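Reading through the structure tokens given below for one structure.
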Amino acid sequence: AVFLRAVDPKRALMVRTLARWGVAEEFPVGIEEAAQGVSVDLDGPAFEGRRDLRGVQTLTIDGASSRDLDDALAVLPPQHDGAIRVLVSIADVDAWVPEGSALDLEARARGTTVYLADGVFPMLPRALSEDRLSLLPDVDRAALTVELRVDPDGEVTAADPWLSLIRNDSRLTYEGAAAFLDHDDSSEVPEAARSTLRWLRAAAARLGAARKARGGISLQRGEVKLLCEGEGNPTEVVPISETSAHRLVERLMVAANEAIAAWLAARGLPALYRVQDEPDPERVARLVEYAHNFGFETAFGSRITPRGLTAF
């Protein structure tokens, strides 16, 4: 079937982009109604048997305009062995979007939240992703938490996951957290969150040192943000630089993912894994030639090890 509709010329490119990649702008009426019907009542069965972490100072670090807050961080004081106990939590969406439900099937069809210059197209209706299931400040939320014990050498010596109940005490931005960590500018960081943020920095530094020793690579990534006037016309392109707060969150989230993957594998539980295959000898030879043409000698041999690539 072919149909035509009037499109605002200012949105023509966006509409073509969405159509090309099959991104739906709106949710079907039934899906929106299902989202509106989700209740996060604390007396409901989804909250039973959870570990209550609402007494532990918890914070989120996100972009200033973000409302779909899906991960939170907390820390417990080091024990006698010096291990820092980091609590990484994610919103427990599964508690309200059961497998096979209409909301679940719609989320599968969409696959991911799509971020474009002209708007955000969420995987789940905004009533859930930006409100009832988002880890917004000063509200109780069901979560999935993993406690990581990070020793002084940066090794995760234990990982314990559980269903939890958390409260976001401090909603921080990347810029505000970085200003505090790098310049001791506490104007955007509440006093109650400052000690937590310092201990999270210590844990992330340990993880970073251990990752570097294993051959971890830090890539230079650049992003931009479009500033628009009232009618949506772009007025300025602003570069977004990675901050110390971005690196802190990234290291802790990667550590949590690695720990959960190992936890599942040790118990023979099925899971999806993202694996980067080692480049074959032909690709190694191409990289050696490419580097030589730009004035760098490598001598990788027939294969590249993680540490060799880090040195390069």
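If you're wondering about the labels, chains in the structure tokens are A, B, ... by order shown, residues count from 1 in each chain, ligands from 1 in order shown.
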#### Entry: Sel. of alpha helix (DSSP H) residues, range 77-250 of chain A, as a ChimeraX atom specification
/A:102-110,126-127,174-183,191-214,244-250
Please list as a PDB file with N, CA, C and O atoms, in the first residue's frame every residue within 12 Å of Glu282 in chain A, counting only C-alpha atoms and excluding residues in the same chain fewer than 3 positions away.
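File part34.pdb, as written:
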```
ATOM      1  N   GLU A 278      39.796 -11.455  17.119  1.00  0.00           N
ATOM      2  CA  GLU A 278      41.168 -11.052  16.810  1.00  0.00           C
ATOM      3  C   GLU A 278      41.317 -10.899  15.297  1.00  0.00           C
ATOM      4  O   GLU A 278      40.836 -11.738  14.531  1.00  0.00           O
ATOM      5  N   PRO A 279      41.965  -9.828  14.824  1.00  0.00           N
ATOM      6  CA  PRO A 279      42.124  -9.662  13.380  1.00  0.00           C
ATOM      7  C   PRO A 279      42.986 -10.771  12.774  1.00  0.00           C
ATOM      8  O   PRO A 279      43.958 -11.218  13.386  1.00  0.00           O
ATOM      9  N   ALA A 285      48.618  -7.459   8.405  1.00  0.00           N
ATOM     10  CA  ALA A 285      49.567  -6.984   7.398  1.00  0.00           C
ATOM     11  C   ALA A 285      49.135  -5.647   6.814  1.00  0.00           C
ATOM     12  O   ALA A 285      49.961  -4.761   6.562  1.00  0.00           O
ATOM     13  N   ARG A 286      47.820  -5.473   6.616  1.00  0.00           N
ATOM     14  CA  ARG A 286      47.315  -4.205   6.093  1.00  0.00           C
ATOM     15  C   ARG A 286      47.563  -3.069   7.081  1.00  0.00           C
ATOM     16  O   ARG A 286      47.898  -1.944   6.696  1.00  0.00           O
ATOM     17  N   LEU A 287      47.403  -3.356   8.377  1.00  0.00           N
ATOM     18  CA  LEU A 287      47.637  -2.326   9.391  1.00  0.00           C
ATOM     19  C   LEU A 287      49.119  -1.957   9.446  1.00  0.00           C
ATOM     20  O   LEU A 287      49.473  -0.778   9.574  1.00  0.00           O
ATOM     21  N   VAL A 288      49.994  -2.959   9.326  1.00  0.00           N
ATOM     22  CA  VAL A 288      51.434  -2.702   9.330  1.00  0.00           C
ATOM     23  C   VAL A 288      51.805  -1.777   8.164  1.00  0.00           C
ATOM     24  O   VAL A 288      52.566  -0.814   8.326  1.00  0.00           O
ATOM     25  N   GLU A 289      51.251  -2.070   6.974  1.00  0.00           N
ATOM     26  CA  GLU A 289      51.533  -1.234   5.802  1.00  0.00           C
ATOM     27  C   GLU A 289      50.970   0.171   5.984  1.00  0.00           C
ATOM     28  O   GLU A 289      51.632   1.169   5.659  1.00  0.00           O
ATOM     29  N   PHE A 300      54.382  -6.228  14.072  1.00  0.00           N
ATOM     30  CA  PHE A 300      53.467  -7.029  14.879  1.00  0.00           C
ATOM     31  C   PHE A 300      53.720  -8.523  14.736  1.00  0.00           C
ATOM     32  O   PHE A 300      53.363  -9.309  15.597  1.00  0.00           O
ATOM     33  N   GLY A 301      54.318  -8.948  13.612  1.00  0.00           N
ATOM     34  CA  GLY A 301      54.339 -10.361  13.300  1.00  0.00           C
ATOM     35  C   GLY A 301      53.036 -10.732  12.619  1.00  0.00           C
ATOM     36  O   GLY A 301      52.440  -9.934  11.903  1.00  0.00           O
ATOM     37  N   SER A 302      52.538 -11.928  12.893  1.00  0.00           N
ATOM     38  CA  SER A 302      51.308 -12.381  12.232  1.00  0.00           C
ATOM     39  C   SER A 302      50.056 -12.109  13.042  1.00  0.00           C
ATOM     40  O   SER A 302      48.946 -12.295  12.546  1.00  0.00           O
ATOM     41  N   ARG A 303      50.218 -11.672  14.291  1.00  0.00           N
ATOM     42  CA  ARG A 303      49.040 -11.416  15.112  1.00  0.00           C
ATOM     43  C   ARG A 303      49.280 -10.223  16.048  1.00  0.00           C
ATOM     44  O   ARG A 303      50.422  -9.895  16.377  1.00  0.00           O
ATOM     45  N   ILE A 304      48.170  -9.613  16.454  1.00  0.00           N
ATOM     46  CA  ILE A 304      48.240  -8.472  17.363  1.00  0.00           C
ATOM     47  C   ILE A 304      47.680  -8.886  18.713  1.00  0.00           C
ATOM     48  O   ILE A 304      46.537  -9.354  18.798  1.00  0.00           O
TER      49      ILE A 304
END
```
Residues of range 93-151 of chain A that approach range 25-39 of chain A to 12 Å or less, counting only C-alpha atoms: could you list each one with the shortest pair of atoms and its distance in Å to one decimal, rows by chain and increasing residue number, as a Markdown table?
```
| residue | atom | partner | partner_atom | distance |
| --- | --- | --- | --- | --- |
| A:Val93 | CA | A:Val38 | CA | 11.1 |
| A:Ala95 | CA | A:Val38 | CA | 10.5 |
| A:Trp96 | CA | A:Val38 | CA | 6.9 |
| A:Val97 | CA | A:Val38 | CA | 8.8 |
| A:Pro98 | CA | A:Val38 | CA | 11.4 |
| A:Ser101 | CA | A:Ala34 | CA | 9.6 |
| A:Ala102 | CA | A:Ile31 | CA | 6.8 |
| A:Leu103 | CA | A:Ile31 | CA | 6.2 |
| A:Asp104 | CA | A:Ile31 | CA | 9.8 |
| A:Leu105 | CA | A:Ile31 | CA | 9.9 |
| A:Glu106 | CA | A:Ile31 | CA | 7.7 |
| A:Ala107 | CA | A:Ile31 | CA | 10.1 |
| A:Ala109 | CA | A:Phe27 | CA | 11.4 |
| A:Arg110 | CA | A:Phe27 | CA | 10.3 |
| A:Thr113 | CA | A:Glu25 | CA | 11.2 |
| A:Val114 | CA | A:Glu25 | CA | 10.1 |
| A:Tyr115 | CA | A:Glu25 | CA | 11.8 |
| A:Leu116 | CA | A:Glu25 | CA | 11.7 |
| A:Asp118 | CA | A:Glu25 | CA | 11.4 |
| A:Gly119 | CA | A:Glu25 | CA | 9.7 |
| A:Val120 | CA | A:Glu25 | CA | 9.1 |
| A:Phe121 | CA | A:Glu25 | CA | 6.4 |
| A:Pro122 | CA | A:Glu25 | CA | 8.9 |
| A:Met123 | CA | A:Phe27 | CA | 9.5 |
| A:Leu124 | CA | A:Ala35 | CA | 8.3 |
| A:Pro125 | CA | A:Glu32 | CA | 6.4 |
| A:Arg126 | CA | A:Ala35 | CA | 8.4 |
| A:Ala127 | CA | A:Ala35 | CA | 6.2 |
| A:Leu128 | CA | A:Ala35 | CA | 6.3 |
| A:Ser129 | CA | A:Ala35 | CA | 9.6 |
| A:Glu130 | CA | A:Ala35 | CA | 11.4 |
| A:Asp131 | CA | A:Gln36 | CA | 10.4 |
| A:Arg132 | CA | A:Ser39 | CA | 7.9 |
| A:Leu133 | CA | A:Val38 | CA | 9.6 |
| A:Arg141 | CA | A:Ser39 | CA | 11.7 |
```
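Compared by their closest atoms to Leu136 in chain A, and using only C-alpha atoms, the residues A:Thr243, A:Thr112, A:Thr60, A:Ser164 rank with A:Thr60 nearest.
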### Task
Could you tell me which of A:Ala209, A:Ile260, A:Ala142, A:Leu197 comes closest to Leu172 in chain A if we count only C-alpha atoms?
A:Leu197
### Task
May I have the residues within 9 Å of range 64-81 of chain A as a VMD selection string, using only C-alpha atoms and disregarding those fewer than 6 positions away in the same chain?
chain A and resid 56 to 58 87 to 92 126 128 to 131 133 to 136 143 147 151 to 152 166 168 172 to 175 196 to 197 199 to 200 249 252 to 253
For the residues in the current selection, export N, CA, C and O atoms as a tab-separated table (two decimals), in the first residue's frame.
```
chain	number	residue	atom	x	y	z
A	56	VAL	N	21.54	3.71	51.57
A	56	VAL	CA	22.89	3.90	51.03
A	56	VAL	C	22.86	5.08	50.06
A	56	VAL	O	22.04	5.12	49.14
A	57	GLN	N	23.74	6.05	50.27
A	57	GLN	CA	23.80	7.23	49.41
A	57	GLN	C	24.03	6.80	47.96
A	57	GLN	O	25.04	6.19	47.62
A	58	THR	N	23.07	7.10	47.09
A	58	THR	CA	23.10	6.65	45.71
A	58	THR	C	22.99	7.86	44.79
A	58	THR	O	22.28	8.82	45.08
A	87	LEU	N	28.50	-0.42	44.30
A	87	LEU	CA	27.17	-0.92	43.96
A	87	LEU	C	26.73	-0.27	42.65
A	87	LEU	O	26.53	0.94	42.58
A	88	VAL	N	26.59	-1.09	41.61
A	88	VAL	CA	26.11	-0.63	40.32
A	88	VAL	C	24.69	-1.15	40.13
A	88	VAL	O	24.45	-2.36	40.18
A	89	SER	N	23.75	-0.24	39.93
A	89	SER	CA	22.33	-0.63	39.82
A	89	SER	C	21.78	-0.19	38.47
A	89	SER	O	22.15	0.85	37.94
A	90	ILE	N	20.88	-1.01	37.94
A	90	ILE	CA	20.14	-0.63	36.74
A	90	ILE	C	18.65	-0.78	37.04
A	90	ILE	O	18.25	-1.61	37.86
A	91	ALA	N	17.85	0.03	36.37
A	91	ALA	CA	16.41	-0.04	36.57
A	91	ALA	C	15.91	-1.43	36.19
A	91	ALA	O	16.25	-1.97	35.14
A	92	ASP	N	15.09	-2.03	37.04
A	92	ASP	CA	14.58	-3.38	36.81
A	92	ASP	C	13.31	-3.29	35.95
A	92	ASP	O	12.20	-3.48	36.45
A	126	ARG	N	7.42	6.85	26.80
A	126	ARG	CA	8.03	7.79	27.74
A	126	ARG	C	7.41	7.70	29.14
A	126	ARG	O	8.06	8.01	30.13
A	128	LEU	N	7.02	5.19	30.73
A	128	LEU	CA	7.86	4.25	31.45
A	128	LEU	C	9.32	4.69	31.46
A	128	LEU	O	9.93	4.82	32.51
A	129	SER	N	9.89	4.92	30.26
A	129	SER	CA	11.33	5.17	30.16
A	129	SER	C	11.76	6.47	30.82
A	129	SER	O	12.89	6.57	31.32
A	130	GLU	N	10.88	7.47	30.85
A	130	GLU	CA	11.26	8.76	31.41
A	130	GLU	C	10.52	9.11	32.69
A	130	GLU	O	10.74	10.18	33.25
A	131	ASP	N	9.66	8.21	33.15
A	131	ASP	CA	8.88	8.53	34.34
A	131	ASP	C	8.85	7.37	35.31
A	131	ASP	O	9.68	7.29	36.23
A	133	LEU	N	9.66	4.18	35.39
A	133	LEU	CA	10.77	3.25	35.58
A	133	LEU	C	12.12	3.96	35.59
A	133	LEU	O	13.14	3.33	35.84
A	134	SER	N	12.14	5.24	35.32
A	134	SER	CA	13.38	6.00	35.34
A	134	SER	C	13.83	6.22	36.79
A	134	SER	O	13.00	6.41	37.68
A	135	LEU	N	15.14	6.19	37.00
A	135	LEU	CA	15.69	6.36	38.36
A	135	LEU	C	15.76	7.84	38.71
A	135	LEU	O	16.83	8.40	38.96
A	136	LEU	N	14.61	8.46	38.74
A	136	LEU	CA	14.53	9.90	39.01
A	136	LEU	C	14.86	10.19	40.48
A	136	LEU	O	14.74	9.31	41.34
A	143	ALA	N	15.33	-2.16	41.35
A	143	ALA	CA	16.54	-2.19	40.54
A	143	ALA	C	17.16	-3.58	40.58
A	143	ALA	O	16.76	-4.44	41.37
A	147	GLU	N	27.10	-5.90	43.53
A	147	GLU	CA	28.15	-5.37	44.40
A	147	GLU	C	29.49	-5.90	43.91
A	147	GLU	O	29.69	-7.12	43.83
A	151	ASP	N	39.73	-4.57	44.60
A	151	ASP	CA	40.87	-4.55	45.52
A	151	ASP	C	41.86	-3.44	45.12
A	151	ASP	O	41.71	-2.79	44.07
A	152	PRO	N	42.89	-3.19	45.95
A	152	PRO	CA	43.82	-2.09	45.66
A	152	PRO	C	44.53	-2.20	44.32
A	152	PRO	O	45.01	-1.19	43.78
A	166	ILE	N	16.08	0.90	45.58
A	166	ILE	CA	17.02	2.01	45.73
A	166	ILE	C	16.29	3.35	45.66
A	166	ILE	O	15.13	3.43	45.27
A	168	ASN	N	17.44	7.36	44.35
A	168	ASN	CA	18.44	8.26	43.80
A	168	ASN	C	18.48	9.53	44.65
A	168	ASN	O	17.59	10.36	44.58
A	172	LEU	N	23.26	13.93	39.30
A	172	LEU	CA	24.39	14.75	38.86
A	172	LEU	C	24.49	14.74	37.33
A	172	LEU	O	24.04	13.81	36.67
A	173	THR	N	25.12	15.78	36.80
A	173	THR	CA	25.43	15.83	35.37
A	173	THR	C	26.92	15.50	35.18
A	173	THR	O	27.72	15.60	36.12
A	174	TYR	N	27.28	15.10	33.96
A	174	TYR	CA	28.69	14.82	33.68
A	174	TYR	C	29.55	16.06	33.94
A	174	TYR	O	30.63	15.96	34.54
A	175	GLU	N	29.06	17.21	33.51
A	175	GLU	CA	29.83	18.43	33.66
A	175	GLU	C	30.01	18.80	35.14
A	175	GLU	O	31.11	19.17	35.58
A	196	THR	N	30.86	9.95	48.38
A	196	THR	CA	30.55	8.84	47.46
A	196	THR	C	31.27	9.02	46.13
A	196	THR	O	31.87	8.08	45.60
A	197	LEU	N	31.23	10.23	45.60
A	197	LEU	CA	31.86	10.50	44.31
A	197	LEU	C	33.37	10.31	44.39
A	197	LEU	O	34.00	9.80	43.46
A	199	TRP	N	35.01	8.24	46.44
A	199	TRP	CA	35.30	6.82	46.51
A	199	TRP	C	35.06	6.13	45.16
A	199	TRP	O	35.79	5.22	44.78
A	200	LEU	N	34.05	6.58	44.43
A	200	LEU	CA	33.82	6.03	43.09
A	200	LEU	C	34.99	6.36	42.18
A	200	LEU	O	35.39	5.54	41.35
A	249	VAL	N	32.10	6.67	34.88
A	249	VAL	CA	30.90	5.86	34.65
A	249	VAL	C	31.21	4.70	33.71
A	249	VAL	O	30.78	3.55	33.95
A	252	LEU	N	33.13	1.84	35.50
A	252	LEU	CA	32.32	1.10	36.46
A	252	LEU	C	31.27	0.24	35.74
A	252	LEU	O	30.99	-0.89	36.16
A	253	MET	N	30.69	0.76	34.64
A	253	MET	CA	29.70	-0.01	33.90
A	253	MET	C	30.34	-1.20	33.18
A	253	MET	O	29.76	-2.29	33.14
```
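In terms of minimum interatomic distance to Ser241 in chain A, A:Ala178 ranks closest within A:Leu144, A:Ala178, A:Lys212, A:Ser195, counting only C-alpha atoms.
Close contacts of Leu181 in chain A, defined as residues with an atom at most 10 Å away when counting only C-alpha atoms, with chain neighbours fewer than 2 positions off set aside, comprise Glu175, Gly176, Ala177, Ala178, Ala179, His183, Asp184, Asp185, Ser186, Arg194, Leu197, Arg198, Arg201, Thr243, Ser244 and Ala245 of chain A.
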#### Entry: All residues 6 Å or closer to Asp169 in chain A, only C-alpha atoms, same chain fewer than 2 positions away omitted, as a list of chain:residue names
A:Thr58, A:Leu59, A:Pro137, A:Asp138, A:Arg167
Residue subset to file, keeping N, CA, C and O atoms, as a PDB file, in the first residue's frame:
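Wrote it out as part-v9.pdb, contents follow:
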```pdb
ATOM      1  N   THR A  58      23.074   7.099  47.094  1.00  0.00           N
ATOM      2  CA  THR A  58      23.096   6.652  45.706  1.00  0.00           C
ATOM      3  C   THR A  58      22.988   7.858  44.785  1.00  0.00           C
ATOM      4  O   THR A  58      22.284   8.824  45.085  1.00  0.00           O
ATOM      5  N   LEU A  59      23.689   7.811  43.663  1.00  0.00           N
ATOM      6  CA  LEU A  59      23.658   8.931  42.726  1.00  0.00           C
ATOM      7  C   LEU A  59      23.612   8.440  41.292  1.00  0.00           C
ATOM      8  O   LEU A  59      23.932   7.286  41.002  1.00  0.00           O
ATOM      9  N   PRO A 137      15.266  11.413  40.778  1.00  0.00           N
ATOM     10  CA  PRO A 137      15.658  11.740  42.157  1.00  0.00           C
ATOM     11  C   PRO A 137      14.494  11.626  43.141  1.00  0.00           C
ATOM     12  O   PRO A 137      13.340  11.903  42.804  1.00  0.00           O
ATOM     13  N   ASP A 138      14.839  11.160  44.334  1.00  0.00           N
ATOM     14  CA  ASP A 138      13.942  11.190  45.491  1.00  0.00           C
ATOM     15  C   ASP A 138      12.693  10.330  45.332  1.00  0.00           C
ATOM     16  O   ASP A 138      11.654  10.620  45.936  1.00  0.00           O
ATOM     17  N   ARG A 167      17.010   4.388  46.040  1.00  0.00           N
ATOM     18  CA  ARG A 167      16.516   5.768  45.922  1.00  0.00           C
ATOM     19  C   ARG A 167      17.670   6.634  45.431  1.00  0.00           C
ATOM     20  O   ARG A 167      18.755   6.631  46.018  1.00  0.00           O
TER      21      ARG A 167
END
```
